[in-house]
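Right, one structure below, let's go through it.
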Amino acid sequence: MTNEPSLFQGVSFQLAKIGIILAFLLGLLMSSVQLYLDLDNQREELNLLFSRVMEVATPPAMRAVHTLDDDLSAEVVNGLLAYDFVIGVRVTDELGNTLAEGQTAQKPSQTRWLTSLISDETRELYSDLIIPGYGQTASGGLAFTVDMDQALQAFYERSSLNLITGLVRNAMLVVLLFFAFYFVVAKPLARLSREIKSINPEEPGVRRLTPLPGRHDELAQLLDSSNQLLNAVDLSLAKRRAVELALRKSEGHLRQIIDSLPVMIGARDIEGRYLFANKALASMVGRDVDTMRGQDVRDLFRHAVDDVELILQNDQRVIRQGIDVEINEEAFLTREGRKLYLQSHVMPLHYYDQTVALIVSVDITERKNAQAKMEHMAHHDALTNLPNRVQLVERLDLEIRRAARHGYCGAVLFIDLDQFKNINDSLGHPVGDKVLKEVAQRLVSSVREEDLVARLSGDEFVVVLTVLDKDLSTAALRAGEISEKIRRIISRPFHTDSLDLRISCSVGVVIYPDKNSSVHELLRFADTAMYQVKEKGRDAIEFFNEDMADKVSRQLVMEGDLHRALEGKQFALHYQPKVDMGTGTIVGAEALLRWHHPTKGLISPADFIPVLETSGLILDVGQWVLETACDTLVHWQAQGWWKPGMRLSINISPRQFRRAAFADDVLRTLKRYPIPENSLEMEVTEGIVIQQVDEAIVTMRRLAEQGISFSLDDFGTGYSSISYLKQLPVTVLKIDQSFVRDIVDDHNDRVLVETIITMGRLLDLDVVAEGVELEAQFDILQRYGCHYYQGFYFSPGVTLSAFDTMLAEHTVSA
Ligand SMILES: Nc1nc2c(ncn2[C@@H]2O[C@@H]3COP(=O)(O)O[C@H]4[C@@H](O)[C@H](n5cnc6c(=O)[nH]c(N)nc65)O[C@@H]4COP(=O)(O)O[C@H]3[C@H]2O)c(=O)[nH]1
């Protein structure tokens with residue numbers, strides 16, 4: 001910023017200076033011309049003067065010459081010397097002799113140097129003296145010398161006066177001009193400059209330049225224009241501020257939005273430097289938003305990603321080729337050492353004067369972890385963390401193919417804990433779970449790492465022994481040894497909080513690869529072998545053999561046939577009456593499934609129900625049984641044979657009952673059939689309810705609310721305990737026919753049956769005895785106070801038409 005100029009720097013002084021120089025030069029020029037002209041005039045005037053002086057002096061001089069009068073001559077000389085400028089005079093006769101002469105000294109003068117420049121210093125004048133009447137011959141002569149400096153004195157005086165007055169005039173003019181300029185231009189200009197200087201450029205509209213009153217000149221115009229300019233600038237500044245404010249606001253909003261987004265947003269230039277980053281991105285790399293600008297991705301990500309150069313290459317590709325790049329997954333290590341997984345979209349962005357890479361990243365860690373967890377859960381058993389059936393099938397499939405390719409044998413061990421239910425029932429599920437976990441650990445520790453231990457369900461485990469031997473019998477031998485080792489390890493006592501438990505296991509073994517058997521076939525073979533152990537009395541090892549293979553293949557064939565049975569209407573329901581022991585009246589019936597095989601004839605439910613169970617077909621067939629039973633009930637009521645209090649029971653299999661939608665499906669079906677109230681009963685085995693008592697109670701209660709009653713089938717064969725029996729909404733206990741069969745001869749069975757009947761009474765439950773074939777059996781049961789019975793003694797299960805007849809007759813006789 002320049003300071004205010006001093007008086008000598010001011011425009012007025014500058015102008016005055018220029019004025020003086022110009023006036024001086026101009027004065028000099030004008031004076032020179034004037035002097036020159038004056039000098040010319042002066043010369044002419046001097047010539048004239050000298051002529052006149054000569055004319056005046058000539059007559060006396062002639063007289064003096066004529067008379068040769070010396071005195072007169074001297075008078076003439078003296079007369080001429082009286083002139084200032086005459087410094088020498090001489091009068092001569094006709095012979096040239098001096099009659100008189102005189103001289104004066106040159107006066108001292110300061111202008112002599114000047115005179116010598118413009119003229120001769122002295123000038124000689126001479127005139128012949130011719131006396132009239134004496135011819136033309138001169139009688140003498142008059143001469144005088146002029147001092148030109150003296151002659152020019154008047155000229156000098158006049159000229160110097162002119163020069164001085166000219167200079168004074170010019171000087172005065174300059175001074176006046178100086179003041180005029182100062183007041184008219186310089187002062188207002190200085191004020192203008194001061195006022196302009198005092199204007200705040202941020203607020204140009206606050207102050208205005210003071211106008212010059214009464215003036216309409218250029219300066220006033222300049223002030224006016226300046227004020228107008230200030231107004232315009234102020235207005236445009238205000239507009240700009242408003243726009244900036246709006247911009248800042250919208251930028252702030254945008255920033256807020258970008259910062260509040262759960263995604264990470266950032267932009268990098270081609271060198272990998274951050275131009276901006278939102279909050280999520282900054283906090284991920286442990287910075288704040290402001291310090292992210294200018295950070296190099298190499299510095300930020302060096303320890304966070306595997307290959308930071310890859311990120312740069314990607315950016316460069318996006319920027320140079322103008323393409324979008326999707327990075328589905330990239331791992332990132334935070335400063336705290338947390339591993340994140342990001343999914344990023346990199347796209348080109350025109351940012352000011354360059355193209356940069358805009359990166360939008362989503363944290364997919366949770367999704368990825370959830371996926372991994374789900375994957376783990378899908379392949380692992382939640383309780384023991386062992387691989388589950390899904391993983392077993394996948395791995396076993398791989399193992400079988402590998403074994404076939406490399407020509408070696410492995411083995412599949414199907415392990416089922418013996419009477420594990422007892423532990424669950426008597427000691428509770430937490431203890432049962434502990435045992436299962438311990439079993440899992442023992443199994444894992446008793447095989448090699450490359451072997452596989454999986455939990456199928458409940459108390460079923462499978463061990464795959466890989467790479468046993470190239471020779472089948474050696475492999476079998478080794479599989480037997482390992483199985484034996486497992487059996488022994490499992491049978492070691494389990495230490496729980498209060499007691500030591502012992503549990504045995506049944507192991508079924510199958511060697512693979514075997515005749516191109518699939519995974520499912522192999523598992524089924526091992527399962528079959530394991531069942532063989534169970535049938536023989538548990539706690540042993542059994543190898544799958546040809547007989548078992550036959551049984552399995554028969555089952556497979558049956559499964560195929562059963563698939564077609566429902567469509568082929570090969571199923572039918574038979575009905576076995578339930579009879580009141582006291583009155584002998586029919587109080588209901590049990591619906592029994594029959595399968596009329598097109599070639600093999602009638603097949604026993606005992607044979608095909610397990611196949612329906614394992615294949616899952618029981619769900620469709622069970623639904624068919626329910627619908628057919630409902631049809632029958634509607635039919636009997638329509639015939640008037642069905643009396644209040646009578647019940648038709650259907651058997652419900654474990655797989656049917658455990659389905660989550662079981663109750664819903666049943667209730668939906670019942671809505672379609674107008675069956676008599678409280679006429680339907682469901683027979684469930686203890687095994688069904690005992691495994692998941694709480695869920696079973698919920699299902700049973702929902703159905704009981706809709707008038708369906710429940711009977712516990714095969715009662716006495718399981719682990720019936722009064723405690724859970726009290727909780728279950730069961731109204732009937734059915735004594736298993738195996739106890740009834742020997743009731744006459746076997747004291748133990750009699751005691752058991754009597755206990756069941758007493759238990760039923762105490763719990764206010766009806767007791768039905770199954771499989772009553774003989775009068776003796778009937779009598780004993782009647783004596784013990786059993787309420788109802790079923791059995792060949794009264795009638796086996798019969799067709800619907802046969803039962804119709806029975807009901808009709810019964811109704812008539814009643
Ligand atoms: N020795 C002898 N046997 C008698 C006597 N009275 C009845 N039985 C037979 O004993 C079985 C009684 O049925 P369960 O215990 O529920 O046992 C049934 C039941 O568990 C199952 N079952 C039958 N029908 C169905 C069904 O519709 N669904 C389901 N899930 N299972 C069914 O098949 C099992 C066998 O059924 P069935 O072969 O019909 O055999 C029936 C019946 O015919 C008798 O005095 N002496």
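Following the order of the structure tokens, first chain is A, next is B, and so on, with residues numbered from 1 inside each chain and ligands from 1 in the order they appear.
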Among region 642-780 of chain A, which residues does DSSP mark as strand (DSSP E) when it is run on the backbone? Keep the chain and numbering as in the structure and answer as an NGL selection string. :A and (647-651 or 680-685 or 709-715 or 732-735 or 766-769)
Would you write out those residues with N, CA and C atoms, as a compact mmCIF listing (two decimals), in the first residue's frame?
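Contents of out-v4.txt, as written:
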# COMPACT_ATOMS: atom_id res chain seq x y z
N ARG A 647 -65.01 -92.51 20.28
CA ARG A 647 -63.83 -91.86 19.69
C ARG A 647 -63.17 -92.78 18.66
N LEU A 648 -62.74 -92.16 17.58
CA LEU A 648 -61.95 -92.90 16.58
C LEU A 648 -60.51 -92.41 16.73
N SER A 649 -59.58 -93.35 16.96
CA SER A 649 -58.20 -92.91 17.13
C SER A 649 -57.36 -93.21 15.88
N ILE A 650 -56.44 -92.30 15.59
CA ILE A 650 -55.49 -92.53 14.50
C ILE A 650 -54.08 -92.50 15.08
N ASN A 651 -53.17 -93.23 14.42
CA ASN A 651 -51.78 -93.25 14.89
C ASN A 651 -50.99 -92.09 14.27
N LEU A 680 -62.40 -87.34 17.73
CA LEU A 680 -61.12 -87.76 17.17
C LEU A 680 -60.06 -87.86 18.27
N GLU A 681 -59.31 -88.97 18.17
CA GLU A 681 -58.23 -89.19 19.16
C GLU A 681 -56.93 -89.44 18.39
N MET A 682 -55.84 -89.03 18.97
CA MET A 682 -54.55 -89.29 18.34
C MET A 682 -53.71 -90.14 19.26
N GLU A 683 -53.16 -91.23 18.67
CA GLU A 683 -52.31 -92.10 19.47
C GLU A 683 -50.85 -91.72 19.20
N VAL A 684 -50.18 -91.31 20.26
CA VAL A 684 -48.77 -90.98 20.11
C VAL A 684 -47.97 -91.88 21.04
N THR A 685 -46.75 -92.18 20.63
CA THR A 685 -45.91 -93.01 21.52
C THR A 685 -45.16 -92.11 22.49
N SER A 709 -58.45 -85.57 21.50
CA SER A 709 -57.85 -86.14 22.71
C SER A 709 -56.63 -86.97 22.33
N PHE A 710 -55.79 -87.24 23.31
CA PHE A 710 -54.54 -87.97 23.04
C PHE A 710 -54.45 -89.21 23.91
N SER A 711 -53.97 -90.29 23.28
CA SER A 711 -53.68 -91.47 24.08
C SER A 711 -52.21 -91.82 23.93
N LEU A 712 -51.60 -92.30 25.01
CA LEU A 712 -50.19 -92.70 24.95
C LEU A 712 -50.13 -94.17 24.58
N ASP A 713 -49.61 -94.42 23.37
CA ASP A 713 -49.57 -95.78 22.81
C ASP A 713 -48.40 -96.55 23.41
N ASP A 714 -48.47 -97.82 23.38
CA ASP A 714 -47.38 -98.72 23.82
C ASP A 714 -46.89 -98.36 25.22
N PHE A 715 -47.83 -97.93 26.06
CA PHE A 715 -47.41 -97.47 27.39
C PHE A 715 -46.76 -98.61 28.16
N VAL A 732 -55.82 -90.95 27.72
CA VAL A 732 -55.87 -92.43 27.66
C VAL A 732 -54.46 -93.01 27.72
N LEU A 733 -54.30 -94.10 28.48
CA LEU A 733 -53.05 -94.87 28.44
C LEU A 733 -53.36 -96.19 27.77
N LYS A 734 -52.49 -96.58 26.82
CA LYS A 734 -52.72 -97.88 26.17
C LYS A 734 -51.63 -98.85 26.62
N ILE A 735 -52.07 -99.94 27.23
CA ILE A 735 -51.09 -100.93 27.70
C ILE A 735 -50.62 -101.72 26.48
N ASP A 766 -58.12 -92.81 31.28
CA ASP A 766 -58.71 -94.08 30.85
C ASP A 766 -57.58 -95.01 30.47
N VAL A 767 -57.75 -96.31 30.76
CA VAL A 767 -56.71 -97.27 30.39
C VAL A 767 -57.29 -98.27 29.38
N VAL A 768 -56.58 -98.41 28.26
CA VAL A 768 -57.01 -99.35 27.22
C VAL A 768 -55.95 -100.44 27.10
N ALA A 769 -56.37 -101.67 27.15
CA ALA A 769 -55.43 -102.78 26.96
C ALA A 769 -55.47 -103.21 25.51
Name all residues at most 8 Å from Asp234 (chain A) (count only C-alpha atoms; drop same-chain ones fewer than 3 positions away) and give them as a ChimeraX atom specification. /A:203-205,230-231,237-238
List all protein, DNA and RNA residues that have any atom at most 8 Å from ligand 1, counting only C-alpha atoms and all ligand atoms, and write the list as a tab-separated table (two decimals) with C-alpha atoms, in the first residue's frame.
chain	number	residue	atom	x	y	z
A	573	LEU	CA	-57.94	-97.97	6.69
A	574	HIS	CA	-59.12	-100.86	8.82
A	576	GLN	CA	-60.52	-102.23	15.25
A	590	GLU	CA	-58.54	-97.50	16.16
A	591	ALA	CA	-57.85	-96.79	12.53
A	592	LEU	CA	-55.09	-99.11	11.23
A	593	LEU	CA	-53.34	-98.50	7.95
A	594	ARG	CA	-53.33	-101.26	5.35
A	604	SER	CA	-47.95	-105.22	7.37
A	605	PRO	CA	-47.66	-101.70	8.71
A	606	ALA	CA	-44.81	-102.92	10.91
A	609	ILE	CA	-44.33	-97.66	8.38
A	618	ILE	CA	-45.32	-90.57	6.18
A	621	VAL	CA	-49.74	-90.73	4.03
A	622	GLY	CA	-50.46	-89.37	7.54
A	625	VAL	CA	-55.13	-91.16	7.10
A	650	ILE	CA	-55.49	-92.53	14.50
A	651	ASN	CA	-51.78	-93.25	14.89
A	652	ILE	CA	-49.42	-90.32	14.61
A	653	SER	CA	-45.81	-91.05	13.71
A	654	PRO	CA	-42.85	-89.18	15.27
A	683	GLU	CA	-52.31	-92.10	19.47
A	713	ASP	CA	-49.57	-95.78	22.81
A	714	ASP	CA	-47.38	-98.72	23.82
A	736	ASP	CA	-48.75	-102.41	25.10
A	737	GLN	CA	-49.82	-105.80	23.81
A	741	ARG	CA	-49.64	-111.28	25.79
A	770	GLU	CA	-54.18	-103.77	23.52
A	771	GLY	CA	-53.90	-107.23	21.95
A	772	VAL	CA	-56.42	-109.02	24.15
A	773	GLU	CA	-56.82	-112.38	22.49
A	790	GLN	CA	-58.89	-103.99	21.94
A	791	GLY	CA	-57.97	-107.35	20.52
A	792	PHE	CA	-58.83	-110.36	18.53
A	793	TYR	CA	-60.87	-111.55	21.52
A	795	SER	CA	-62.43	-108.36	16.82
A	796	PRO	CA	-59.32	-107.72	14.74
A	797	GLY	CA	-59.12	-104.58	12.59
Any idea what's packed within 10 Å of Gly582 (chain A), counting only C-alpha atoms, ignoring anything in its chain fewer than 6 positions away? Could you give it as JSON, numbers by chain? {"A": [782, 785, 786, 787, 788]}
Pick out the residues sitting within 10 Å of region 116-125 of chain A, and hand them over as an mmCIF file with C-alpha atoms, in the first residue's frame; count only C-alpha atoms, and ignore anything fewer than 3 positions along from it in its own chain.
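Output below, filename result12.cif:
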data_model
loop_
_atom_site.group_PDB
_atom_site.id
_atom_site.type_symbol
_atom_site.label_atom_id
_atom_site.label_comp_id
_atom_site.auth_asym_id
_atom_site.auth_seq_id
_atom_site.Cartn_x
_atom_site.Cartn_y
_atom_site.Cartn_z
ATOM 1 C CA TYR A 36 17.323 39.645 -31.175
ATOM 2 C CA LEU A 39 19.216 44.342 -30.861
ATOM 3 C CA ARG A 43 21.772 48.792 -34.112
ATOM 4 C CA PHE A 50 26.041 58.187 -34.769
ATOM 5 C CA SER A 51 25.004 59.902 -38.069
ATOM 6 C CA MET A 54 28.476 63.357 -36.961
ATOM 7 C CA PHE A 85 29.851 56.298 -25.878
ATOM 8 C CA VAL A 86 32.578 58.424 -27.655
ATOM 9 C CA ILE A 87 35.969 57.546 -26.386
ATOM 10 C CA GLY A 88 38.225 59.192 -29.014
ATOM 11 C CA VAL A 89 37.936 62.222 -31.447
ATOM 12 C CA THR A 111 28.400 43.760 -19.873
ATOM 13 C CA ARG A 112 31.516 44.052 -21.966
ATOM 14 C CA TRP A 113 31.758 40.291 -22.430
ATOM 15 C CA LEU A 142 36.508 64.419 -38.509
ATOM 16 C CA ALA A 143 36.860 60.971 -36.895
ATOM 17 C CA PHE A 144 35.596 59.551 -33.605
ATOM 18 C CA THR A 145 35.689 56.189 -31.896
ATOM 19 C CA VAL A 146 32.563 54.737 -30.292
ATOM 20 C CA ASP A 147 32.647 52.395 -27.276
ATOM 21 C CA MET A 148 29.893 49.971 -28.361
ATOM 22 C CA ASP A 149 29.416 48.627 -24.847
ATOM 23 C CA GLN A 150 28.521 52.154 -23.704
ATOM 24 C CA ALA A 151 26.398 52.678 -26.732
ATOM 25 C CA LEU A 152 24.435 49.483 -25.967
#
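Nearest to Leu626 (chain A) of all the residues A:Phe608, A:Tyr134, A:Phe662, A:Trp595 is A:Phe662, based on only C-alpha atoms.
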Excluding region 295-303 of chain A and residues on its chain fewer than 4 positions from it, collect all residues at most 7 Å away from it, counting only C-alpha atoms, and give them as a count of residues only. 5
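Among A:Val463, A:Val305, A:Leu562, A:Leu800, the residue with the shortest atom-to-atom distance to Glu450 (chain A), counting only C-alpha atoms, is A:Val463.
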Name all residues at most 8 Å from region 404-417 of chain A (count only C-alpha atoms; drop same-chain ones fewer than 5 positions away) and give them as a CSV table (one decimal) with C-alpha atoms, in the first residue's frame.
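Output (selection_33.csv):
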chain,number,residue,atom,x,y,z
A,459,ASP,CA,-27.3,-89.4,20.0
A,460,GLU,CA,-26.2,-90.5,16.5
A,461,PHE,CA,-22.6,-89.9,15.4
A,462,VAL,CA,-20.7,-90.9,12.3
A,463,VAL,CA,-17.0,-91.3,12.0
A,464,VAL,CA,-15.3,-91.5,8.6
A,465,LEU,CA,-12.0,-93.3,8.8
A,466,THR,CA,-10.1,-92.2,5.6
A,467,VAL,CA,-7.2,-94.0,4.0
A,468,LEU,CA,-7.2,-97.2,6.0
A,469,ASP,CA,-5.5,-99.6,3.6
A,470,LYS,CA,-5.4,-100.7,0.0
A,471,ASP,CA,-6.5,-104.2,1.0
A,472,LEU,CA,-10.2,-104.5,1.9
A,475,ALA,CA,-8.9,-102.0,6.1
A,476,ALA,CA,-11.8,-103.8,7.7
A,479,ALA,CA,-11.7,-100.2,11.1
A,483,SER,CA,-14.3,-99.0,16.4
A,503,ILE,CA,-22.8,-95.1,28.7
A,504,SER,CA,-22.2,-97.7,26.0
A,505,CYS,CA,-22.6,-97.4,22.3
A,506,SER,CA,-23.6,-99.5,19.3
A,507,VAL,CA,-21.4,-99.2,16.3
A,508,GLY,CA,-22.2,-100.1,12.7
A,509,VAL,CA,-19.3,-100.3,10.3
A,510,VAL,CA,-19.2,-100.3,6.5
A,511,ILE,CA,-16.1,-100.3,4.3
A,512,TYR,CA,-15.9,-98.0,1.2
A,513,PRO,CA,-15.7,-97.8,-1.7
A,522,LEU,CA,-23.2,-96.1,2.7
A,523,LEU,CA,-24.8,-94.3,5.6
A,526,ALA,CA,-23.8,-98.4,8.5
A,527,ASP,CA,-27.1,-97.5,10.1
A,530,MET,CA,-25.8,-100.4,13.9
I need the helix (DSSP H, G or I) residues of region 373-518 of chain A per DSSP on the backbone, written as number ranges by chain. A: 373-379, 389-406, 420-427, 429-446, 472-490
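Of the residues under consideration (A:Ile265, A:Gly458, A:Leu633, A:Val289), A:Ile265 shows the shortest atom-to-atom contact distance to Leu342 (chain A) when counting only C-alpha atoms.
For the choices A:Val33, A:Val666, A:Val243, A:Ile359, the atom-to-atom distance to Trp624 (chain A) is smallest for A:Val666 when using only C-alpha atoms.
The space between CA of Ile541 (chain A) and CA of Glu438 (chain A) spans 20.6 Å.
Between CA of Met558 (chain A) and CA of Ile603 (chain A) the interatomic distance comes to 10.3 Å.
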Any idea what's packed within 9 Å of Val175 (chain A), counting only C-alpha atoms, ignoring anything in its chain fewer than 5 positions away? Could you give it as a JSON list (two decimals) with N, CA and C atoms, in the first residue's frame?
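Saved file out04.json follows:
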[["chain", "number", "residue", "atom", "x", "y", "z"],
["A", 16, "ALA", "N", 3.66, 22.27, -11.12],
["A", 16, "ALA", "CA", 4.36, 23.55, -10.96],
["A", 16, "ALA", "C", 5.78, 23.44, -11.49],
["A", 20, "ILE", "N", 7.31, 25.63, -14.31],
["A", 20, "ILE", "CA", 8.48, 26.51, -14.19],
["A", 20, "ILE", "C", 9.46, 26.22, -15.33],
["A", 170, "ASN", "N", 6.30, 34.90, -15.07],
["A", 170, "ASN", "CA", 6.18, 33.43, -15.22],
["A", 170, "ASN", "C", 6.14, 32.74, -13.86],
["A", 180, "ALA", "N", -3.86, 26.85, -7.90],
["A", 180, "ALA", "CA", -5.09, 26.49, -8.59],
["A", 180, "ALA", "C", -5.19, 24.97, -8.72]]
So what do you get for CA of Met264 (chain A) versus CA of Val360 (chain A), distance-wise? 5.6 Å
